[in-house]
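Okay, run_8.csv is below, CSV, C-alpha atoms and all ligand atoms:
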chain,number,residue,atom,x,y,z
A,19,MET,CA,-15.9,-46.6,30.6
A,20,LYS,CA,-15.3,-45.6,27.0
A,21,VAL,CA,-16.0,-41.9,26.4
A,22,ALA,CA,-17.7,-40.8,23.1
A,23,PRO,CA,-15.2,-39.3,20.6
A,24,ASP,CA,-17.0,-35.9,20.5
A,25,ILE,CA,-16.9,-35.6,24.3
A,26,ARG,CA,-13.2,-36.5,24.3
A,27,LEU,CA,-12.5,-34.0,21.5
A,28,ASP,CA,-14.3,-31.2,23.5
A,29,ALA,CA,-12.2,-32.1,26.5
A,30,LEU,CA,-9.0,-31.9,24.5
A,31,ARG,CA,-9.9,-28.4,23.2
A,32,GLY,CA,-11.0,-27.2,26.6
A,33,SER,CA,-12.8,-24.0,27.1
A,34,ALA,CA,-11.9,-22.4,23.7
A,35,PRO,CA,-14.4,-22.3,20.9
A,36,ARG,CA,-14.0,-24.9,18.2
A,37,LEU,CA,-12.0,-23.8,15.2
A,38,ARG,CA,-13.5,-25.0,12.0
A,39,TYR,CA,-11.6,-26.8,9.3
A,40,ASN,CA,-10.9,-24.8,6.1
A,41,ALA,CA,-9.4,-25.7,2.8
A,42,ARG,CA,-5.9,-25.1,4.1
A,43,SER,CA,-6.3,-27.2,7.2
A,44,LEU,CA,-8.0,-30.0,5.2
A,45,ALA,CA,-5.1,-29.9,2.7
A,46,ALA,CA,-2.6,-30.2,5.6
A,47,LEU,CA,-4.1,-33.6,6.4
A,48,GLU,CA,-2.7,-34.8,3.1
A,49,ASN,CA,0.6,-33.1,3.7
A,50,ASN,CA,1.5,-35.1,6.8
A,51,PRO,CA,-0.9,-38.1,7.1
A,52,ARG,CA,1.2,-39.9,9.7
A,53,CYS,CA,0.9,-37.2,12.3
A,54,THR,CA,-1.3,-38.1,15.2
A,55,LEU,CA,-0.8,-34.7,17.0
A,56,ARG,CA,-2.0,-32.7,14.0
A,57,ALA,CA,-5.0,-35.1,13.5
A,58,VAL,CA,-6.0,-34.7,17.2
A,59,LEU,CA,-5.5,-30.9,17.3
A,60,ASP,CA,-7.4,-30.3,14.1
A,61,THR,CA,-10.2,-32.7,14.7
A,62,SER,CA,-10.8,-31.2,18.2
A,63,GLY,CA,-10.8,-27.7,16.7
A,64,SER,CA,-8.0,-26.6,18.9
A,65,ASP,CA,-6.2,-23.4,18.2
A,66,LYS,CA,-2.7,-24.6,17.2
A,67,ALA,CA,-1.3,-21.1,17.0
A,68,ALA,CA,-2.3,-20.3,20.5
A,69,ILE,CA,-1.1,-23.6,21.8
A,70,ALA,CA,2.3,-23.2,20.1
A,71,ASP,CA,2.6,-19.7,21.4
A,72,HIS,CA,1.9,-20.7,25.1
A,73,ALA,CA,4.2,-23.7,24.8
A,74,GLY,CA,7.0,-21.2,23.9
A,75,TYR,CA,7.2,-22.1,20.2
A,76,PRO,CA,5.3,-19.4,18.3
A,77,THR,CA,5.5,-20.0,14.6
A,78,PRO,CA,5.3,-17.0,12.2
A,79,PHE,CA,2.6,-18.2,10.0
A,80,GLY,CA,0.3,-17.0,7.2
A,81,ARG,CA,0.8,-15.0,4.1
A,82,SER,CA,2.1,-11.4,4.2
A,83,ILE,CA,-0.2,-8.5,3.5
A,84,PHE,CA,1.8,-7.9,0.3
A,85,ALA,CA,1.2,-11.5,-0.9
A,86,ILE,CA,-2.5,-11.3,0.0
A,87,THR,CA,-3.0,-8.0,-1.9
A,88,ARG,CA,-1.1,-9.3,-4.9
A,89,GLY,CA,-3.2,-12.5,-4.9
A,90,ASN,CA,-6.5,-10.6,-4.6
A,91,SER,CA,-5.6,-8.2,-7.4
A,92,PHE,CA,-4.4,-11.0,-9.7
A,93,GLU,CA,-7.6,-12.9,-9.1
A,94,LYS,CA,-9.7,-9.8,-9.7
A,95,MET,CA,-7.9,-9.2,-13.0
A,96,VAL,CA,-8.5,-12.8,-14.1
A,97,LYS,CA,-12.2,-12.6,-13.3
A,98,ASP,CA,-12.9,-9.0,-14.6
A,99,ASN,CA,-15.4,-8.6,-17.4
A,100,GLY,CA,-17.1,-11.9,-16.8
A,101,CYS,CA,-13.8,-13.8,-16.6
A,102,ALA,CA,-12.5,-12.6,-20.0
A,103,GLU,CA,-8.9,-13.3,-19.2
A,104,LEU,CA,-9.7,-16.7,-17.8
A,105,LEU,CA,-11.6,-17.6,-20.9
A,106,ARG,CA,-8.7,-16.5,-23.1
A,107,VAL,CA,-6.4,-18.8,-21.1
A,108,LEU,CA,-8.9,-21.7,-21.4
A,109,ARG,CA,-9.2,-21.2,-25.1
A,110,GLU,CA,-5.7,-20.2,-26.1
A,111,VAL,CA,-3.4,-22.0,-23.6
A,112,LEU,CA,-5.4,-25.0,-22.7
A,113,GLU,CA,-7.0,-25.2,-26.2
A,114,LEU,CA,-10.5,-25.9,-24.9
A,115,PRO,CA,-13.1,-25.2,-27.7
A,116,ILE,CA,-15.4,-23.1,-25.5
A,117,PRO,CA,-17.8,-21.2,-27.7
A,118,GLN,CA,-19.9,-19.1,-25.3
A,119,VAL,CA,-20.2,-19.2,-21.6
A,120,GLY,CA,-22.5,-17.9,-18.9
A,121,TYR,CA,-21.2,-16.4,-15.7
A,122,ARG,CA,-22.7,-16.7,-12.2
A,123,ASP,CA,-21.4,-14.7,-9.3
A,124,LEU,CA,-22.1,-16.6,-6.1
A,125,ASN,CA,-20.5,-14.2,-3.7
A,126,ASP,CA,-24.1,-13.3,-2.7
A,127,VAL,CA,-27.6,-14.2,-3.7
A,128,GLY,CA,-29.5,-11.0,-4.5
A,129,GLY,CA,-27.6,-9.2,-1.8
A,130,ASP,CA,-27.9,-12.0,0.8
A,131,SER,CA,-24.3,-13.2,1.6
A,132,SER,CA,-25.3,-15.6,4.4
A,133,LEU,CA,-23.7,-19.1,4.2
A,134,SER,CA,-27.1,-20.8,3.9
A,135,ALA,CA,-28.3,-18.6,1.0
A,136,ARG,CA,-25.1,-19.0,-0.9
A,137,TYR,CA,-24.8,-22.7,-0.3
A,138,THR,CA,-28.4,-23.3,-1.4
A,139,LYS,CA,-27.9,-21.3,-4.5
A,140,THR,CA,-24.6,-23.0,-5.3
A,141,GLU,CA,-26.1,-26.4,-4.8
A,142,SER,CA,-29.1,-25.8,-7.0
A,143,LEU,CA,-26.9,-24.4,-9.9
A,144,LEU,CA,-24.1,-27.0,-9.7
A,145,VAL,CA,-26.6,-30.0,-9.4
A,146,ALA,CA,-28.4,-28.6,-12.4
A,147,ALA,CA,-25.1,-28.3,-14.3
A,148,ALA,CA,-24.2,-31.8,-13.4
A,149,ARG,CA,-27.5,-32.9,-14.8
A,150,GLY,CA,-26.8,-31.3,-18.1
A,151,LYS,CA,-28.3,-27.8,-17.7
A,152,GLY,CA,-26.0,-24.8,-17.8
A,153,ASN,CA,-23.1,-26.3,-19.8
A,154,GLY,CA,-20.2,-24.0,-20.2
A,155,HIS,CA,-21.1,-21.9,-17.2
A,156,LEU,CA,-18.5,-20.3,-14.9
A,157,TYR,CA,-19.4,-20.2,-11.2
A,158,ASP,CA,-17.5,-17.5,-9.3
A,159,HIS,CA,-16.9,-18.3,-5.6
A,160,PRO,CA,-19.3,-21.2,-5.2
A,161,LEU,CA,-19.8,-22.1,-1.5
A,162,LEU,CA,-19.3,-25.8,-0.8
A,163,ARG,CA,-19.9,-27.9,2.3
A,164,MET,CA,-18.7,-31.2,3.5
A,165,GLU,CA,-18.9,-33.2,6.8
A,166,VAL,CA,-15.6,-33.7,8.5
A,167,GLY,CA,-15.6,-35.8,11.7
A,168,GLY,CA,-19.3,-35.3,12.0
A,169,HIS,CA,-19.1,-31.4,11.7
A,170,PRO,CA,-20.1,-29.3,8.7
A,171,VAL,CA,-17.2,-27.5,7.0
A,172,TYR,CA,-17.9,-24.7,4.5
A,173,LEU,CA,-15.3,-24.2,1.9
A,174,GLU,CA,-15.3,-20.9,0.1
A,175,PRO,CA,-12.8,-21.3,-2.7
A,176,ASP,CA,-11.3,-18.4,-4.5
A,177,LEU,CA,-11.9,-20.3,-7.6
A,178,VAL,CA,-14.4,-20.9,-10.3
A,179,ALA,CA,-15.9,-24.2,-11.2
A,180,PHE,CA,-17.1,-24.6,-14.7
A,181,LYS,CA,-18.8,-27.3,-16.7
A,182,PHE,CA,-17.2,-28.2,-20.0
A,183,GLY,CA,-18.4,-31.2,-22.0
A,184,ASP,CA,-19.7,-33.6,-19.3
A,185,ARG,CA,-17.5,-32.6,-16.4
A,186,LEU,CA,-17.2,-30.1,-13.7
A,187,TYR,CA,-13.6,-28.7,-13.3
A,188,VAL,CA,-12.2,-26.8,-10.4
A,189,VAL,CA,-10.1,-23.7,-11.3
A,190,GLU,CA,-7.6,-22.5,-8.9
A,191,ILE,CA,-6.2,-19.0,-9.4
A,192,LYS,CA,-2.8,-18.3,-7.7
A,193,SER,CA,-0.4,-15.4,-7.9
A,194,PHE,CA,2.9,-17.3,-7.9
A,195,PRO,CA,4.6,-17.0,-11.3
A,196,VAL,CA,4.7,-19.7,-14.0
A,197,VAL,CA,8.1,-19.2,-15.7
A,198,ASP,CA,8.7,-21.0,-19.0
A,199,GLY,CA,5.8,-23.3,-18.1
A,200,GLN,CA,7.3,-24.3,-14.7
A,201,ALA,CA,6.2,-23.1,-11.3
A,202,ASP,CA,7.6,-23.8,-7.8
A,203,ALA,CA,6.7,-27.4,-7.1
A,204,ALA,CA,5.9,-26.8,-3.4
A,205,LEU,CA,3.5,-24.0,-4.3
A,206,VAL,CA,1.8,-26.1,-7.0
A,207,LYS,CA,1.4,-29.0,-4.5
A,208,SER,CA,-0.1,-26.7,-1.9
A,209,ALA,CA,-2.5,-25.1,-4.4
A,210,THR,CA,-3.6,-28.5,-5.8
A,211,THR,CA,-4.0,-30.1,-2.4
A,212,GLN,CA,-6.4,-27.3,-1.4
A,213,ALA,CA,-8.3,-27.8,-4.7
A,214,CYS,CA,-8.6,-31.5,-3.8
A,215,ALA,CA,-10.7,-30.5,-0.8
A,216,TYR,CA,-13.0,-28.6,-3.2
A,217,ILE,CA,-13.2,-31.6,-5.5
A,218,LEU,CA,-14.3,-33.9,-2.6
A,219,ALA,CA,-16.8,-31.3,-1.3
A,220,LEU,CA,-18.2,-30.9,-4.8
A,221,ARG,CA,-18.5,-34.7,-5.2
A,222,ALA,CA,-20.2,-34.9,-1.7
A,223,MET,CA,-22.7,-32.3,-2.8
A,224,LEU,CA,-23.6,-34.1,-6.0
A,225,THR,CA,-23.8,-37.5,-4.2
A,226,ALA,CA,-26.2,-36.0,-1.6
A,227,ALA,CA,-28.3,-34.9,-4.6
A,228,GLY,CA,-28.4,-38.4,-6.0
A,229,ILE,CA,-25.7,-38.0,-8.6
A,230,ASP,CA,-23.4,-40.9,-7.8
A,231,ASP,CA,-20.8,-40.7,-10.5
A,232,PRO,CA,-17.6,-39.3,-9.0
A,233,ASP,CA,-16.1,-38.8,-12.5
A,234,ILE,CA,-18.5,-36.0,-13.1
A,235,VAL,CA,-16.0,-33.8,-11.1
A,236,SER,CA,-12.7,-34.0,-12.9
A,237,ASP,CA,-9.5,-35.0,-10.9
A,238,LYS,CA,-7.7,-32.5,-13.1
A,239,ILE,CA,-7.4,-29.0,-11.7
A,240,VAL,CA,-7.0,-26.0,-13.9
A,241,LEU,CA,-4.3,-23.9,-12.3
A,242,ILE,CA,-4.0,-20.3,-13.4
A,243,GLY,CA,-1.1,-18.1,-12.6
A,244,PRO,CA,0.9,-15.1,-13.9
A,245,LYS,CA,3.2,-15.8,-16.8
A,246,ASN,CA,6.9,-15.1,-16.5
A,247,PHE,CA,6.7,-12.4,-13.8
A,248,THR,CA,4.2,-10.4,-15.8
A,249,ASN,CA,0.5,-10.0,-14.8
A,250,ARG,CA,-0.7,-11.9,-17.9
A,251,PRO,CA,-2.3,-15.1,-16.8
A,252,THR,CA,-1.4,-18.5,-18.1
A,253,GLY,CA,-2.7,-21.9,-17.1
A,254,ALA,CA,-2.1,-25.6,-16.9
A,255,PHE,CA,-4.0,-28.8,-16.1
A,256,VAL,CA,-2.6,-30.5,-13.0
A,257,ASP,CA,-3.5,-34.2,-12.5
A,258,ALA,CA,-4.5,-34.4,-8.8
A,259,ARG,CA,-5.9,-37.9,-8.7
A,260,ASN,CA,-3.4,-39.3,-6.2
A,261,GLN,CA,-3.8,-36.3,-3.9
A,262,VAL,CA,-7.6,-36.5,-4.1
A,263,ASN,CA,-7.4,-40.2,-3.1
A,264,ASN,CA,-4.9,-39.5,-0.3
A,265,LEU,CA,-7.1,-36.7,1.1
A,266,ALA,CA,-10.2,-38.9,0.9
A,267,ARG,CA,-8.3,-41.5,2.9
A,268,GLN,CA,-7.3,-39.0,5.6
A,269,LEU,CA,-10.8,-37.7,5.9
A,270,SER,CA,-12.1,-41.3,6.5
A,271,ARG,CA,-9.3,-41.6,9.2
A,272,ILE,CA,-10.9,-38.6,10.9
A,273,GLY,CA,-14.2,-40.5,10.8
A,274,ARG,CA,-12.3,-43.1,12.8
A,275,ILE,CA,-10.7,-40.6,15.2
A,276,GLY,CA,-12.0,-42.6,18.1
A,277,ASP,CA,-9.3,-45.2,17.4
A,278,LEU,CA,-6.6,-42.6,17.8
A,279,LEU,CA,-8.2,-41.1,20.9
A,280,ASP,CA,-8.3,-44.5,22.6
A,281,LEU,CA,-4.5,-44.5,22.4
A,282,LEU,CA,-4.1,-41.2,24.3
A,283,PRO,CA,-3.9,-40.9,28.1
A,284,ASP,CA,-7.1,-40.3,30.1
A,285,GLY,CA,-7.6,-36.7,31.1
A,286,LEU,CA,-5.4,-35.3,28.4
A,287,THR,CA,-6.2,-31.7,27.5
A,288,PHE,CA,-4.7,-28.7,25.6
A,289,ASP,CA,-7.0,-26.3,27.5
A,290,LEU,CA,-5.8,-22.7,27.6
A,291,SER,CA,-8.5,-21.2,29.9
A,292,PRO,CA,-7.6,-17.5,30.3
A,293,ASP,CA,-7.2,-15.7,33.6
A,294,GLU,CA,-8.8,-12.2,34.2
A,295,SER,CA,-6.1,-10.6,32.1
A,296,GLY,CA,-6.8,-12.9,29.2
A,297,ARG,CA,-3.6,-14.9,29.5
A,298,PRO,CA,-3.8,-18.7,29.7
A,299,GLN,CA,-3.7,-19.8,33.3
A,300,ARG,CA,-2.1,-23.2,32.6
A,301,PRO,CA,1.6,-23.6,33.5
A,302,ARG,CA,3.7,-24.0,30.4
A,303,ASP,CA,5.3,-27.2,31.5
A,304,GLU,CA,1.9,-28.8,32.0
A,305,LEU,CA,1.0,-27.9,28.4
A,306,LEU,CA,4.3,-29.2,27.1
A,307,ALA,CA,3.7,-32.5,28.9
A,308,ALA,CA,0.3,-32.8,27.3
A,309,LEU,CA,1.8,-32.2,23.8
A,310,ASP,CA,4.6,-34.7,24.5
A,311,ALA,CA,1.9,-37.4,25.2
A,312,VAL,CA,0.8,-37.4,21.6
A,313,PRO,CA,3.0,-38.8,18.8
A,314,ALA,CA,4.1,-36.3,16.2
A,315,SER,CA,5.8,-37.1,12.9
A,316,TYR,CA,7.9,-34.0,12.1
A,317,ARG,CA,9.1,-33.4,8.6
A,318,PRO,CA,10.8,-30.2,7.2
A,319,ASP,CA,7.8,-29.3,5.2
A,320,CYS,CA,5.8,-29.0,8.4
A,321,LEU,CA,7.4,-25.5,8.5
A,322,SER,CA,5.2,-24.4,5.6
A,323,HIS,CA,1.9,-25.9,6.7
A,324,CYS,CA,1.6,-26.3,10.5
A,325,GLU,CA,1.6,-23.9,13.4
A,326,MET,CA,3.2,-26.5,15.6
A,327,ALA,CA,6.3,-26.8,13.5
A,328,TYR,CA,8.8,-25.1,15.8
A,329,PHE,CA,7.7,-27.2,18.7
A,330,CYS,CA,7.8,-30.5,16.8
A,331,ARG,CA,11.1,-29.6,15.2
A,332,SER,CA,12.7,-29.0,18.6
A,333,ARG,CA,11.4,-32.3,19.9
A,334,ALA,CA,12.6,-34.2,16.8
A,335,ARG,CA,16.0,-32.6,17.1
A,336,ALA,CA,16.2,-33.4,20.8
A,337,ALA,CA,15.4,-37.1,20.0
A,338,GLY,CA,18.1,-37.1,17.3
A,339,SER,CA,15.4,-38.0,14.7
A,340,LEU,CA,16.5,-38.3,11.1
A,341,ASP,CA,13.1,-36.8,10.1
A,342,VAL,CA,14.5,-33.4,10.8
A,343,LEU,CA,16.7,-33.8,7.7
A,344,GLY,CA,13.8,-34.6,5.4
A,345,SER,CA,13.1,-37.4,2.8
A,346,ILE,CA,16.4,-36.8,1.0
A,347,VAL,CA,18.1,-38.4,4.0
A,348,THR,CA,15.4,-40.7,5.5
A,349,GLU,CA,14.5,-42.5,2.2
A,350,PRO,CA,18.0,-43.8,1.4
A,351,LEU,CA,18.5,-44.6,5.1
A,352,GLY,CA,15.3,-46.5,5.4
A,353,GLY,CA,15.2,-48.6,8.6
A,354,ILE,CA,17.5,-46.2,10.5
A,355,ASP,CA,15.6,-43.7,12.7
A,356,THR,CA,18.1,-41.6,14.5
A,357,VAL,CA,21.2,-39.6,13.9
A,358,THR,CA,22.9,-41.5,16.7
A,359,MET,CA,22.2,-44.8,15.0
A,360,ALA,CA,23.4,-43.6,11.6
A,361,LEU,CA,26.6,-42.2,13.1
A,362,GLY,CA,27.1,-45.4,15.2
A,363,LEU,CA,26.9,-47.6,12.1
A,364,ALA,CA,29.1,-45.2,10.1
A,365,ARG,CA,31.8,-45.4,12.8
A,366,GLY,CA,31.4,-49.1,13.3
A,367,ALA,CA,30.4,-48.4,16.9
A,368,ILE,CA,27.0,-50.2,16.5
A,369,GLU,CA,26.6,-53.7,15.3
A,370,PRO,CA,24.0,-53.6,12.4
A,371,ASN,CA,21.1,-56.0,12.5
A,372,ASP,CA,20.4,-58.2,9.4
A,373,GLU,CA,18.3,-55.4,7.7
A,374,GLN,CA,21.0,-52.8,8.3
A,375,VAL,CA,24.1,-54.7,7.0
A,376,GLU,CA,24.1,-53.2,3.5
A,377,MET,CA,23.3,-49.7,4.8
A,378,ALA,CA,26.1,-50.0,7.4
A,379,VAL,CA,28.7,-50.9,4.6
A,380,ALA,CA,27.5,-47.8,2.6
A,381,LEU,CA,27.7,-45.6,5.7
A,382,ARG,CA,31.2,-46.7,6.6
A,383,HIS,CA,32.3,-46.2,3.0
A,384,ALA,CA,30.8,-42.6,3.1
A,385,ALA,CA,32.5,-42.0,6.4
A,386,ARG,CA,35.9,-43.1,5.0
A,387,LEU,CA,35.4,-40.8,1.9
A,388,ARG,CA,34.5,-37.9,4.1
A,389,ALA,CA,37.5,-38.5,6.4
A,390,GLU,CA,39.8,-38.6,3.3
A,391,LEU,CA,38.4,-35.4,1.8
A,392,ILE,CA,38.6,-33.6,5.1
A,393,GLY,CA,42.2,-34.8,5.4
A,394,ALA,CA,43.0,-33.7,1.9
A,395,VAL,CA,41.5,-30.3,2.4
A,396,GLY,CA,43.4,-30.0,5.7
A,397,ASN,CA,46.7,-30.9,4.1
A,398,THR,CA,46.1,-28.5,1.2
A,399,SER,CA,45.4,-25.6,3.5
A,400,ILE,CA,48.4,-26.4,5.6
A,401,GLY,CA,50.6,-26.6,2.5
A,402,SER,CA,49.3,-23.4,1.0
A,403,SER,CA,49.8,-21.5,4.2
A,404,ARG,CA,53.5,-22.2,4.2
B,1,LIG,S1,4.4,-29.6,12.8
B,1,LIG,FE1,4.0,-31.3,14.3
B,1,LIG,S2,1.8,-31.4,14.6
B,1,LIG,FE2,2.2,-30.2,12.7
B,1,LIG,S3,2.1,-31.8,11.1
B,1,LIG,FE3,4.2,-31.5,11.6
B,1,LIG,S4,4.7,-33.1,13.2
B,1,LIG,FE4,2.4,-32.9,13.0

Rewrite the structure from the file as structure tokens, please.
Amino acid sequence: MKVAPDIRLDALRGSAPRLRYNARSLAALENNPRCTLRAVLDTSGSDKAAIADHAGYPTPFGRSIFAITRGNSFEKMVKDNGCAELLRVLREVLELPIPQVGYRDLNDVGGDSSLSARYTKTESLLVAAARGKGNGHLYDHPLLRMEVGGHPVYLEPDLVAFKFGDRLYVVEIKSFPVVDGQADAALVKSATTQACAYILALRAMLTAAGIDDPDIVSDKIVLIGPKNFTNRPTGAFVDARNQVNNLARQLSRIGRIGDLLDLLPDGLTFDLSPDESGRPQRPRDELLAALDAVPASYRPDCLSHCEMAYFCRSRARAAGSLDVLGSIVTEPLGGIDTVTMALGLARGAIEPNDEQVEMAVALRHAARLRAELIGAVGNTSIGSSR
């Protein structure tokens, strides 16, 4: 008999309380969309850090206190005095002709900081703005909500959404430096992917209110960061259209999580029920066997966004997967999955199939060049030592 996805997901998580999605875990869906293990762990609300820890692969994760403090103080400085610095950047750097703006602090509603009060207020203000009332307003810490896999997820962005012209924009404030107009590409991608979750949540809120035009929320994110290692903010528009579409696709995949669950063995669980001392009772090998039953697609950037990264890296290494080496190797070697296969073709020990013939020639050529270089270096060092 087929078990309903929710019951199956509860069984996968076991006795632990469900962990809710947040902007970071939603963004991670877009980072590694092929990974079934991550989809199953996140959708079931399992505690990946605890599972990795008990499996013997604890991953140091999260931002340092120093980075958090620096981020908070930079955000505060940008927003001080009714977002005076933010407005300067919007006007001077991004050349937006903003005359006057209103400012709404949505961290609480008349002293009530409950999720429901903040969400209701956010919804009424942003729906009104989308309908043309409140143009040019800045909304500090709006609280957004969206359904993921049938469960409500609240997103509390450390950002401001504002309406300029006929569009709402999401503003993401980050403390990594923008040097000569350039910032670390990985950090920018991570920031914009999180902002994509806010864009989708904002669109969902407006759609629920009967405003069906997705373009009313811009795909362009306003990214604010410190300029050239100073504390002076600068900004840039980042086009996130592709990332928004990718994330939307991943969210609809979660809606079809039942298809993925059907492929997993019956009775599978990542349960970590604790004993009286609070430690998981489950034998480690049993948990490892459960994890091994779910396909994972390790890539080097998993190290920066997933608590399971050390576990998956060790499994990928043990399988000789080329994925461990990243896209710089896997893309040119398309069609070759393992290190063993690549080395076998390079040494002529494996006969290539029709699709691998060209690649095998290139690999053998590279292997010859390498052997010549190693020989030349060896001869030079022998000669120089005489
Ligand atoms: S670390 Fe593992 S579970 Fe996490 S996204 Fe990468 S492959 Fe998937």

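Reported to one decimal place, the separation of CA of Ile69 in chain A from CA of Asn264 in chain A is 27.5 Å.
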
Mind checking which residues fall within 9 Å of range 344-352 of chain A, counting all atoms listed in the file, ignoring those fewer than 4 positions away in the same chain, and posting them as a ChimeraX atom specification? /A:316-319,340,360,374,377

Name each residue within 6 Å of ligand LIG 1 (chain B), counting only C-alpha atoms and all ligand atoms, as a VMD selection string. chain A and resid 50 53 55 to 56 314 to 316 320 324 326 to 327 330

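Straight-line separation from CA of Leu37 in chain A to CA of His72 in chain A: 17.3 Å.
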
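For the pair CA of Pro244 in chain A and CA of Ser193 in chain A, the interatomic distance is 6.1 Å.
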
List the spatial neighbours of Arg333 in chain A as JSON, numbers by chain - criterion: any atom at most 9 Å away, all atoms listed in the file, same-chain residues fewer than 5 positions off excluded. {"A": [310, 316, 328, 338, 339]}

Please produce an output containing C-alpha atoms for each residue in the selection, written as a compact mmCIF listing (two decimals), keeping the file's coordinate frame.
# COMPACT_ATOMS: atom_id res chain seq x y z
CA ASP A 310 4.60 -34.70 24.50
CA TYR A 316 7.90 -34.00 12.10
CA TYR A 328 8.80 -25.10 15.80
CA GLY A 338 18.10 -37.10 17.30
CA SER A 339 15.40 -38.00 14.70

Can you list, as an NGL selection string, every protein, DNA or RNA residue that comes within 10 Å of Ala204 in chain A when you count only C-alpha atoms, leaving out same-chain residues fewer than 5 positions away? :A and (209-210 or 319 or 322)

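Using all atoms listed in the file, the smallest distance between any of A:Ile354, A:Ala364, A:Val119, A:Leu173 and Arg388 in chain A comes from A:Ala364.
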
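Taking all atoms listed in the file into account, Ser236 in chain A lies nearest to A:Phe180 out of the set A:Arg267, A:Phe180, A:Leu112, A:Asp289.
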
Residue with the minimum atom-to-atom distance to Asn90 in chain A, picked from A:Ile191, A:Leu387, A:Val111, A:Val127 with only C-alpha atoms counted, is A:Ile191

Selection: 10 Å around range 365-369 of chain A, all atoms listed in the file, excl. self and same-chain fewer than 4 positions, as a ChimeraX atom specification: /A:358-361,374-375,378-379,381-383,385-386

Store the residues of this selection in a file with C-alpha atoms, as a CSV table (one decimal), in the coordinates of the input.
chain,number,residue,atom,x,y,z
A,358,THR,CA,22.9,-41.5,16.7
A,359,MET,CA,22.2,-44.8,15.0
A,360,ALA,CA,23.4,-43.6,11.6
A,361,LEU,CA,26.6,-42.2,13.1
A,374,GLN,CA,21.0,-52.8,8.3
A,375,VAL,CA,24.1,-54.7,7.0
A,378,ALA,CA,26.1,-50.0,7.4
A,379,VAL,CA,28.7,-50.9,4.6
A,381,LEU,CA,27.7,-45.6,5.7
A,382,ARG,CA,31.2,-46.7,6.6
A,383,HIS,CA,32.3,-46.2,3.0
A,385,ALA,CA,32.5,-42.0,6.4
A,386,ARG,CA,35.9,-43.1,5.0

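Omitting Ile217 in chain A and its sequence neighbours fewer than 3 positions away, and counting all atoms listed in the file, the residues within 10 Å are Leu162, Ala179, Leu186, Tyr187, Val188, Thr211, Gln212, Ala213, Cys214, Leu220, Arg221, Ala222, Met223, Pro232, Val235, Ser236, Asp237, Lys238, Ile239, Ala258 and Val262 of chain A.
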
Of the residues A:Arg31, A:Leu124, A:Ala336, A:Asn260, which is the one nearest to Ala68 in chain A, using all atoms listed in the file? A:Arg31

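For the choices A:Lys207, A:Ala73, A:Arg26, A:Ala46, the atom-to-atom distance to Leu281 in chain A is smallest for A:Arg26 when using all atoms listed in the file.
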
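Take the candidates A:Leu290, A:Leu241, A:Leu391, A:Leu205 and check each one against Asp65 in chain A using all atoms listed in the file; the shortest distance goes to A:Leu290.
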
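Selection around (-1.4, -22.9, 32.3) with radius 10 Å, counting only C-alpha atoms, yields the residues His72, Ala73, Phe288, Asp289, Leu290, Ser291, Pro292, Asp293, Arg297, Pro298, Gln299, Arg300, Pro301, Arg302, Asp303, Glu304, Leu305 and Leu306 of chain A.
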
For a quick check of your reading of the model, name the residues lying within 8 Å of the coordinate (-2.9, -28.1, 2.4), counting all atoms listed in the file, and write them as a tab-separated table (two decimals) with C-alpha atoms, in the frame of the given file.
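Resulting contents of point_4.tsv:
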chain	number	residue	atom	x	y	z
A	41	ALA	CA	-9.40	-25.70	2.80
A	42	ARG	CA	-5.90	-25.10	4.10
A	43	SER	CA	-6.30	-27.20	7.20
A	44	LEU	CA	-8.00	-30.00	5.20
A	45	ALA	CA	-5.10	-29.90	2.70
A	46	ALA	CA	-2.60	-30.20	5.60
A	47	LEU	CA	-4.10	-33.60	6.40
A	48	GLU	CA	-2.70	-34.80	3.10
A	49	ASN	CA	0.60	-33.10	3.70
A	208	SER	CA	-0.10	-26.70	-1.90
A	209	ALA	CA	-2.50	-25.10	-4.40
A	211	THR	CA	-4.00	-30.10	-2.40
A	212	GLN	CA	-6.40	-27.30	-1.40
A	323	HIS	CA	1.90	-25.90	6.70
